[in-house]
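So this block is entry-v1.cif, mmCIF, C-alpha atoms:
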```
data_work
#
loop_
_atom_site.label_atom_id
_atom_site.label_comp_id
_atom_site.auth_asym_id
_atom_site.auth_seq_id
_atom_site.Cartn_x
_atom_site.Cartn_y
_atom_site.Cartn_z
CA MET A 1 109.80 104.43 118.85
CA PHE A 2 112.69 104.27 116.40
CA GLU A 3 112.58 101.16 114.24
CA LEU A 4 115.58 99.85 112.37
CA ILE A 5 115.40 99.20 108.66
CA LYS A 6 115.64 95.44 108.11
CA ILE A 7 115.47 95.28 104.29
CA LYS A 8 116.33 97.87 101.66
CA THR A 9 116.09 97.61 97.88
CA GLU A 10 117.89 100.07 95.65
CA ASN A 11 116.85 100.60 92.01
CA LEU A 12 115.72 97.00 91.79
CA SER A 13 114.68 95.93 88.29
CA PHE A 14 113.73 92.49 87.06
CA SER A 15 113.08 91.07 83.62
CA TYR A 16 111.74 87.75 82.46
CA ASN A 17 112.03 86.57 78.86
CA GLY A 18 112.90 90.11 77.82
CA ASN A 19 109.90 91.70 79.58
CA ARG A 20 110.51 94.24 82.36
CA ILE A 21 108.46 93.19 85.39
CA LEU A 22 109.99 95.42 88.09
CA ASP A 23 111.41 98.83 87.30
CA ASN A 24 113.74 100.67 89.68
CA VAL A 25 112.00 99.68 92.90
CA SER A 26 113.57 101.32 95.96
CA LEU A 27 111.87 100.38 99.23
CA GLU A 28 112.64 100.08 102.92
CA PHE A 29 111.06 97.57 105.30
CA ARG A 30 111.13 98.15 109.03
CA GLU A 31 112.30 95.47 111.43
CA LYS A 32 109.67 93.40 113.28
CA THR A 33 106.72 94.79 111.38
CA ILE A 34 104.27 93.46 108.81
CA THR A 35 104.47 95.08 105.40
CA ALA A 36 101.77 94.25 102.85
CA ILE A 37 102.35 94.46 99.11
CA VAL A 38 99.13 94.98 97.17
CA GLY A 39 98.12 95.58 93.58
CA PRO A 40 96.60 93.84 90.56
CA SER A 41 97.67 90.40 89.41
CA GLY A 42 100.65 90.02 87.13
CA ILE A 43 102.55 93.18 88.01
CA GLY A 44 105.46 91.68 89.93
CA LYS A 45 104.41 91.32 93.57
CA SER A 46 105.38 87.66 93.85
CA THR A 47 108.47 88.23 91.73
CA PHE A 48 109.57 90.94 94.14
CA LEU A 49 109.47 88.45 97.01
CA LEU A 50 111.69 86.06 95.07
CA THR A 51 114.37 88.74 94.75
CA LEU A 52 114.61 88.92 98.56
CA ASN A 53 115.87 85.33 98.94
CA ARG A 54 117.24 84.78 95.42
CA LEU A 55 114.77 82.02 94.54
CA TRP A 56 114.36 83.55 91.08
CA GLU A 57 117.89 82.45 90.16
CA THR A 58 116.61 79.01 89.13
CA VAL A 59 114.18 80.54 86.61
CA PRO A 60 115.53 80.50 83.01
CA GLN A 61 115.68 83.74 80.97
CA SER A 62 115.50 85.93 84.07
CA SER A 63 117.73 88.85 85.01
CA MET A 64 117.93 91.35 87.84
CA SER A 65 119.75 94.62 88.44
CA GLY A 66 119.98 96.86 91.47
CA ARG A 67 120.73 95.90 95.07
CA VAL A 68 119.01 94.17 97.96
CA LYS A 69 120.40 94.71 101.44
CA ILE A 70 119.25 92.97 104.61
CA ARG A 71 120.41 93.70 108.15
CA PHE A 72 122.10 90.62 109.60
CA ASP A 73 124.21 90.69 112.76
CA GLY A 74 123.67 94.43 113.10
CA LYS A 75 124.97 95.29 109.62
CA MET A 76 123.27 95.89 106.28
CA GLN A 77 124.58 93.25 103.88
CA ASP A 78 124.21 92.96 100.12
CA ILE A 79 122.55 89.56 99.65
CA TYR A 80 123.94 89.35 96.11
CA GLY A 81 127.48 90.10 97.26
CA ASN A 82 130.29 87.56 97.00
CA GLY A 83 130.41 87.05 100.74
CA MET A 84 126.78 85.99 101.09
CA SER A 85 126.12 82.26 101.46
CA LEU A 86 122.98 81.28 99.57
CA THR A 87 122.25 78.52 102.05
CA GLY A 88 122.77 80.91 104.95
CA LEU A 89 120.52 83.50 103.32
CA ARG A 90 117.63 81.08 102.91
CA ARG A 91 117.96 79.95 106.51
CA LYS A 92 117.45 83.56 107.58
CA VAL A 93 114.80 84.47 104.99
CA GLY A 94 111.98 81.93 104.95
CA MET A 95 109.11 81.76 102.48
CA VAL A 96 105.52 80.51 102.46
CA PHE A 97 103.72 80.08 99.17
CA GLN A 98 100.13 80.68 98.09
CA ALA A 99 99.00 77.05 98.07
CA PRO A 100 99.94 74.80 101.00
CA ASN A 101 102.72 72.45 99.90
CA PRO A 102 103.29 69.85 102.62
CA LEU A 103 105.84 67.18 101.79
CA PRO A 104 104.54 63.59 101.34
CA MET A 105 105.78 62.54 104.76
CA SER A 106 104.70 62.72 108.40
CA ILE A 107 103.86 65.94 110.19
CA PHE A 108 107.01 65.59 112.27
CA LYS A 109 109.26 64.93 109.27
CA ASN A 110 107.75 67.90 107.40
CA ILE A 111 108.97 70.24 110.13
CA ALA A 112 112.25 68.42 110.79
CA PHE A 113 113.24 68.33 107.11
CA PRO A 114 114.93 71.79 107.01
CA LEU A 115 116.84 70.95 110.19
CA LYS A 116 118.26 67.82 108.63
CA LEU A 117 119.17 69.71 105.48
CA ALA A 118 121.04 72.13 107.74
CA GLY A 119 123.05 69.22 109.15
CA ILE A 120 121.37 69.08 112.55
CA LYS A 121 121.35 65.46 113.74
CA ASP A 122 120.83 65.58 117.49
CA ARG A 123 117.39 64.10 118.15
CA ARG A 124 116.68 66.19 121.23
CA THR A 125 117.51 69.39 119.37
CA ILE A 126 115.29 68.35 116.48
CA ASP A 127 112.41 67.43 118.80
CA GLU A 128 112.64 70.75 120.65
CA ASN A 129 112.75 72.80 117.46
CA VAL A 130 109.87 70.93 115.86
CA GLU A 131 107.69 71.49 118.92
CA ARG A 132 108.66 75.17 119.12
CA ALA A 133 107.83 75.75 115.44
CA LEU A 134 104.46 74.00 115.76
CA GLN A 135 103.73 76.05 118.88
CA GLN A 136 104.58 79.26 117.01
CA ALA A 137 102.29 78.22 114.16
CA GLY A 138 99.44 77.51 116.57
CA LEU A 139 99.32 73.88 115.48
CA TRP A 140 100.95 71.97 118.34
CA MET A 141 97.81 71.24 120.37
CA GLU A 142 96.03 69.97 117.26
CA VAL A 143 98.73 67.55 116.10
CA LYS A 144 100.91 66.64 119.10
CA ASP A 145 99.29 63.20 119.40
CA ARG A 146 99.58 62.37 115.69
CA LEU A 147 102.99 63.61 114.64
CA ASN A 148 103.57 60.40 112.69
CA ASP A 149 100.45 60.93 110.54
CA SER A 150 100.92 62.24 107.01
CA GLY A 151 100.93 66.00 106.64
CA LEU A 152 98.74 65.46 103.57
CA HIS A 153 95.88 64.36 105.83
CA LEU A 154 95.56 67.75 107.51
CA SER A 155 92.89 70.27 106.53
CA GLY A 156 93.80 73.11 104.16
CA GLY A 157 94.21 75.61 106.99
CA GLN A 158 96.28 73.17 109.02
CA GLN A 159 98.46 72.41 106.01
CA GLN A 160 99.22 76.10 105.57
CA ARG A 161 100.13 76.42 109.24
CA LEU A 162 102.29 73.32 108.82
CA CYS A 163 104.12 75.09 105.99
CA ILE A 164 104.52 78.19 108.15
CA ALA A 165 105.92 76.01 110.95
CA ARG A 166 108.36 74.45 108.47
CA ALA A 167 109.50 77.94 107.47
CA LEU A 168 109.87 78.92 111.13
CA VAL A 169 111.81 75.88 112.33
CA LEU A 170 115.18 77.45 111.40
CA GLN A 171 114.16 80.64 113.24
CA PRO A 172 114.36 83.00 110.25
CA GLU A 173 114.73 86.72 110.72
CA VAL A 174 112.50 87.47 107.73
CA LEU A 175 109.38 85.63 106.57
CA LEU A 176 108.01 86.17 103.06
CA LEU A 177 104.40 85.12 102.44
CA ASP A 178 102.81 85.04 99.01
CA GLU A 179 99.00 85.21 99.31
CA PRO A 180 99.10 82.88 102.33
CA THR A 181 95.31 82.76 102.86
CA SER A 182 94.00 82.84 99.29
CA SER A 183 93.15 79.12 99.23
CA LEU A 184 91.57 79.07 102.71
CA ASP A 185 88.08 79.61 104.10
CA ASP A 186 87.37 82.67 106.26
CA ALA A 187 87.82 80.86 109.57
CA SER A 188 91.18 79.36 108.56
CA ALA A 189 92.31 82.70 107.15
CA ALA A 190 91.49 84.43 110.44
CA VAL A 191 93.70 81.94 112.31
CA ILE A 192 96.59 82.66 109.93
CA GLU A 193 96.12 86.43 110.31
CA GLU A 194 96.31 86.20 114.10
CA LEU A 195 99.38 84.01 113.78
CA LEU A 196 101.16 86.54 111.55
CA VAL A 197 100.46 89.41 113.93
CA ASN A 198 101.96 87.39 116.79
CA LEU A 199 105.02 86.42 114.76
CA LYS A 200 106.17 89.99 114.20
CA ASP A 201 107.45 90.12 117.78
CA ASN A 202 110.44 88.10 116.57
CA CYS A 203 110.40 88.36 112.80
CA THR A 204 110.04 90.83 109.93
CA LEU A 205 107.15 89.84 107.67
CA ILE A 206 106.35 90.82 104.09
CA VAL A 207 102.95 89.64 102.86
CA VAL A 208 101.60 89.77 99.32
CA SER A 209 97.81 90.03 99.56
CA HIS A 210 94.87 91.00 97.40
CA TYR A 211 92.45 91.14 100.35
CA PHE A 212 92.25 94.80 101.34
CA ASP A 213 90.27 94.06 104.51
CA GLN A 214 93.02 91.66 105.57
CA VAL A 215 95.69 94.26 104.85
CA LYS A 216 93.89 96.79 107.05
CA ARG A 217 93.76 94.28 109.89
CA ILE A 218 97.36 93.11 109.94
CA ALA A 219 99.70 95.48 108.09
CA ASP A 220 101.83 98.20 109.64
CA THR A 221 102.87 99.50 106.21
CA VAL A 222 101.40 99.02 102.72
CA PHE A 223 103.18 99.32 99.39
CA GLN A 224 101.12 99.57 96.23
CA PHE A 225 102.44 97.88 93.10
CA PRO A 226 103.16 98.92 90.40
CA TYR A 227 105.47 100.78 92.74
CA ASN A 228 104.85 104.53 92.80
CA GLY A 229 107.11 105.58 95.66
CA ILE A 230 104.29 106.04 98.16
CA SER A 231 103.82 104.01 101.33
CA GLN A 232 100.68 103.97 103.42
CA GLN A 233 101.07 103.69 107.19
#
```
Starting from the file, give its structure as structure tokens.
Amino acid sequence: MFELIKIKTENLSFSYNGNRILDNVSLEFREKTITAIVGPSGIGKSTFLLTLNRLWETVPQSSMSGRVKIRFDGKMQDIYGNGMSLTGLRRKVGMVFQAPNPLPMSIFKNIAFPLKLAGIKDRRTIDENVERALQQAGLWMEVKDRLNDSGLHLSGGQQQRLCIARALVLQPEVLLLDEPTSSLDDASAAVIEELLVNLKDNCTLIVVSHYFDQVKRIADTVFQFPYNGISQQ
């Protein structure tokens, strides 16, 4: 079956404090698949993710060259182009970090927070989207009777699924995950892996991982960093 390209980087290079971290990386990521990025620590895997939603722009002494294009509304768009809204980009390209980072507020407010930032005020709409995101993250049945409890009181695995739900509440088209199971036990990691496989029905996922067994279980495509131009199906 033909699969559209969702993300394309062209001669992407990145430097921090004068040191070249990424060098002319040109990659394509297929729509509604899971792509894993693997390789040793400190060679730019996490940095690469940050170039796909422009989070690196807040980091001092950083610079990037090359192009990143993502297919939105049926058209490949340069996310660094003048016509691209940064707020709009980050609504469409969500991110989950290595360590769970729930906000110091209730479970419900953790998930609703991005909706309120987006200007959504209707309570019914917020309620429906919070429930949908928690359902997608496989967390709804575990927390539906304690939505007013602090998100900080959840277990590590639940906190990571809470963060995934928070990333999903705006219904992103792309989800970036940086070592999403590295701080979890095996049982919690297995739950996250199953969740990611289910999410690719509606989302394009890019996962940085150093667990090769995990990569074999969930990834459709693997890119080895430092990038050598070879992908493994």
Review point. Got a sec: who's within 10 Å of segment 122-130 of chain A, counting only C-alpha atoms, leaving out chain neighbours fewer than 3 positions off, as a ChimeraX atom specification?
Key: /A:107-113,115-116,119,133-136,140,165-166,168-171
Review point. Between A:Ala137, A:Val38, A:Leu195, A:Ile70, which is the closest to Ile7 of chain A once you count only C-alpha atoms?
Key: A:Ile70
Check your understanding: Excluding same-chain residues fewer than 3 positions from Ser183 of chain A, what lies within 9 Å of it counting all atoms listed in the file, as a list in words?
Key ->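 Result of the neighbour search: Gln98, Ala99, Pro100, Gly156, Gly157, Glu179, Pro180 and Ala189 of chain A.
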May I have the residues from that selection written out with C-alpha atoms, as a CSV table (one decimal), keeping the file's coordinate frame?
```csv
chain,number,residue,atom,x,y,z
A,98,GLN,CA,100.1,80.7,98.1
A,99,ALA,CA,99.0,77.0,98.1
A,100,PRO,CA,99.9,74.8,101.0
A,156,GLY,CA,93.8,73.1,104.2
A,157,GLY,CA,94.2,75.6,107.0
A,179,GLU,CA,99.0,85.2,99.3
A,180,PRO,CA,99.1,82.9,102.3
A,189,ALA,CA,92.3,82.7,107.2
```
Exercise for review: Convert the output of the PyMOL selection byres ((chain A and resi 74) around 12) on the shown file into explicit residues, formatted as number ranges by chain.
Suggested key: A: 4-6, 31, 70-73, 75-77
Resulting file, chosen residues, C-alpha atoms, as an mmCIF file, keeping the file's coordinate frame:
```cif
data_model
loop_
_atom_site.group_PDB
_atom_site.id
_atom_site.type_symbol
_atom_site.label_atom_id
_atom_site.label_comp_id
_atom_site.auth_asym_id
_atom_site.auth_seq_id
_atom_site.Cartn_x
_atom_site.Cartn_y
_atom_site.Cartn_z
ATOM 1 C CA LEU A 4 115.580 99.850 112.370
ATOM 2 C CA ILE A 5 115.400 99.200 108.660
ATOM 3 C CA LYS A 6 115.640 95.440 108.110
ATOM 4 C CA GLU A 31 112.300 95.470 111.430
ATOM 5 C CA ILE A 70 119.250 92.970 104.610
ATOM 6 C CA ARG A 71 120.410 93.700 108.150
ATOM 7 C CA PHE A 72 122.100 90.620 109.600
ATOM 8 C CA ASP A 73 124.210 90.690 112.760
ATOM 9 C CA LYS A 75 124.970 95.290 109.620
ATOM 10 C CA MET A 76 123.270 95.890 106.280
ATOM 11 C CA GLN A 77 124.580 93.250 103.880
#
```
Review point. What's the 10 Å shell around Pro60 of chain A, counting only C-alpha atoms, without same-chain residues fewer than 4 positions away, as a PyMOL selection string?
Key: chain A and resi 16-17+56
Review point. Which residue out of A:Asn53, A:Thr33, A:Lys216, A:Ser106 has the minimum interatomic distance to Val197 of chain A when all atoms listed in the file are used?
Key: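 Closest to Val197 of chain A of all the choices is A:Thr33.
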Practice item. For atom CA of Val68 of chain A and atom CA of Tyr80 of chain A, determine how far apart the two atoms are, in Å to one decimal place. Key: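 Spanning atom CA of Val68 of chain A to atom CA of Tyr80 of chain A is a straight-line distance of 7.1 Å.
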Would you mind completing segment 199-219 of chain A to N, CA, C and O atoms and writing the output as an mmCIF file, in the frame of the given file?
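And here is the file that came out, result02.cif:
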```cif
data_model
loop_
_atom_site.group_PDB
_atom_site.id
_atom_site.type_symbol
_atom_site.label_atom_id
_atom_site.label_comp_id
_atom_site.auth_asym_id
_atom_site.auth_seq_id
_atom_site.Cartn_x
_atom_site.Cartn_y
_atom_site.Cartn_z
ATOM 1 N N LEU A 199 103.658 86.735 115.178
ATOM 2 C CA LEU A 199 105.020 86.420 114.760
ATOM 3 C C LEU A 199 105.913 87.650 114.652
ATOM 4 O O LEU A 199 107.136 87.547 114.763
ATOM 5 N N LYS A 200 105.325 88.814 114.439
ATOM 6 C CA LYS A 200 106.170 89.990 114.200
ATOM 7 C C LYS A 200 106.933 90.428 115.453
ATOM 8 O O LYS A 200 107.807 91.288 115.358
ATOM 9 N N ASP A 201 106.643 89.836 116.597
ATOM 10 C CA ASP A 201 107.450 90.120 117.780
ATOM 11 C C ASP A 201 108.898 89.671 117.595
ATOM 12 O O ASP A 201 109.811 90.218 118.221
ATOM 13 N N ASN A 202 109.098 88.661 116.744
ATOM 14 C CA ASN A 202 110.440 88.100 116.570
ATOM 15 C C ASN A 202 110.904 88.051 115.127
ATOM 16 O O ASN A 202 111.996 87.539 114.861
ATOM 17 N N CYS A 203 110.116 88.574 114.216
ATOM 18 C CA CYS A 203 110.400 88.360 112.800
ATOM 19 C C CYS A 203 109.882 89.557 112.000
ATOM 20 O O CYS A 203 108.935 90.225 112.403
ATOM 21 N N THR A 204 110.512 89.821 110.870
ATOM 22 C CA THR A 204 110.040 90.830 109.930
ATOM 23 C C THR A 204 109.259 90.120 108.832
ATOM 24 O O THR A 204 109.772 89.193 108.208
ATOM 25 N N LEU A 205 108.009 90.538 108.614
ATOM 26 C CA LEU A 205 107.150 89.840 107.670
ATOM 27 C C LEU A 205 106.787 90.725 106.486
ATOM 28 O O LEU A 205 106.481 91.923 106.656
ATOM 29 N N ILE A 206 106.825 90.145 105.296
ATOM 30 C CA ILE A 206 106.350 90.820 104.090
ATOM 31 C C ILE A 206 105.300 89.903 103.473
ATOM 32 O O ILE A 206 105.570 88.735 103.167
ATOM 33 N N VAL A 207 104.096 90.440 103.293
ATOM 34 C CA VAL A 207 102.950 89.640 102.860
ATOM 35 C C VAL A 207 102.379 90.216 101.573
ATOM 36 O O VAL A 207 101.992 91.388 101.527
ATOM 37 N N VAL A 208 102.340 89.407 100.532
ATOM 38 C CA VAL A 208 101.600 89.770 99.320
ATOM 39 C C VAL A 208 100.148 89.377 99.550
ATOM 40 O O VAL A 208 99.861 88.244 99.943
ATOM 41 N N SER A 209 99.231 90.313 99.336
ATOM 42 C CA SER A 209 97.810 90.030 99.560
ATOM 43 C C SER A 209 96.956 90.835 98.597
ATOM 44 O O SER A 209 97.305 91.953 98.225
ATOM 45 N N HIS A 210 95.831 90.236 98.189
ATOM 46 C CA HIS A 210 94.870 91.000 97.400
ATOM 47 C C HIS A 210 93.580 91.236 98.179
ATOM 48 O O HIS A 210 92.589 91.702 97.633
ATOM 49 N N TYR A 211 93.612 90.918 99.485
ATOM 50 C CA TYR A 211 92.450 91.140 100.350
ATOM 51 C C TYR A 211 92.677 92.443 101.125
ATOM 52 O O TYR A 211 93.430 92.485 102.102
ATOM 53 N N PHE A 212 92.011 93.502 100.720
ATOM 54 C CA PHE A 212 92.250 94.800 101.340
ATOM 55 C C PHE A 212 91.777 94.843 102.793
ATOM 56 O O PHE A 212 92.365 95.529 103.624
ATOM 57 N N ASP A 213 90.703 94.112 103.119
ATOM 58 C CA ASP A 213 90.270 94.060 104.510
ATOM 59 C C ASP A 213 91.333 93.391 105.374
ATOM 60 O O ASP A 213 91.606 93.824 106.496
ATOM 61 N N GLN A 214 91.954 92.349 104.846
ATOM 62 C CA GLN A 214 93.020 91.660 105.570
ATOM 63 C C GLN A 214 94.208 92.598 105.797
ATOM 64 O O GLN A 214 94.767 92.659 106.897
ATOM 65 N N VAL A 215 94.568 93.331 104.764
ATOM 66 C CA VAL A 215 95.690 94.260 104.850
ATOM 67 C C VAL A 215 95.442 95.291 105.950
ATOM 68 O O VAL A 215 96.330 95.606 106.751
ATOM 69 N N LYS A 216 94.222 95.803 106.016
ATOM 70 C CA LYS A 216 93.890 96.790 107.050
ATOM 71 C C LYS A 216 94.017 96.199 108.448
ATOM 72 O O LYS A 216 94.391 96.895 109.394
ATOM 73 N N ARG A 217 93.716 94.917 108.573
ATOM 74 C CA ARG A 217 93.760 94.280 109.890
ATOM 75 C C ARG A 217 95.171 94.000 110.365
ATOM 76 O O ARG A 217 95.451 94.096 111.570
ATOM 77 N N ILE A 218 96.072 93.633 109.466
ATOM 78 C CA ILE A 218 97.360 93.110 109.940
ATOM 79 C C ILE A 218 98.566 93.968 109.607
ATOM 80 O O ILE A 218 99.604 93.850 110.274
ATOM 81 N N ALA A 219 98.489 94.832 108.598
ATOM 82 C CA ALA A 219 99.700 95.480 108.090
ATOM 83 C C ALA A 219 100.040 96.758 108.839
ATOM 84 O O ALA A 219 99.170 97.568 109.155
#
```
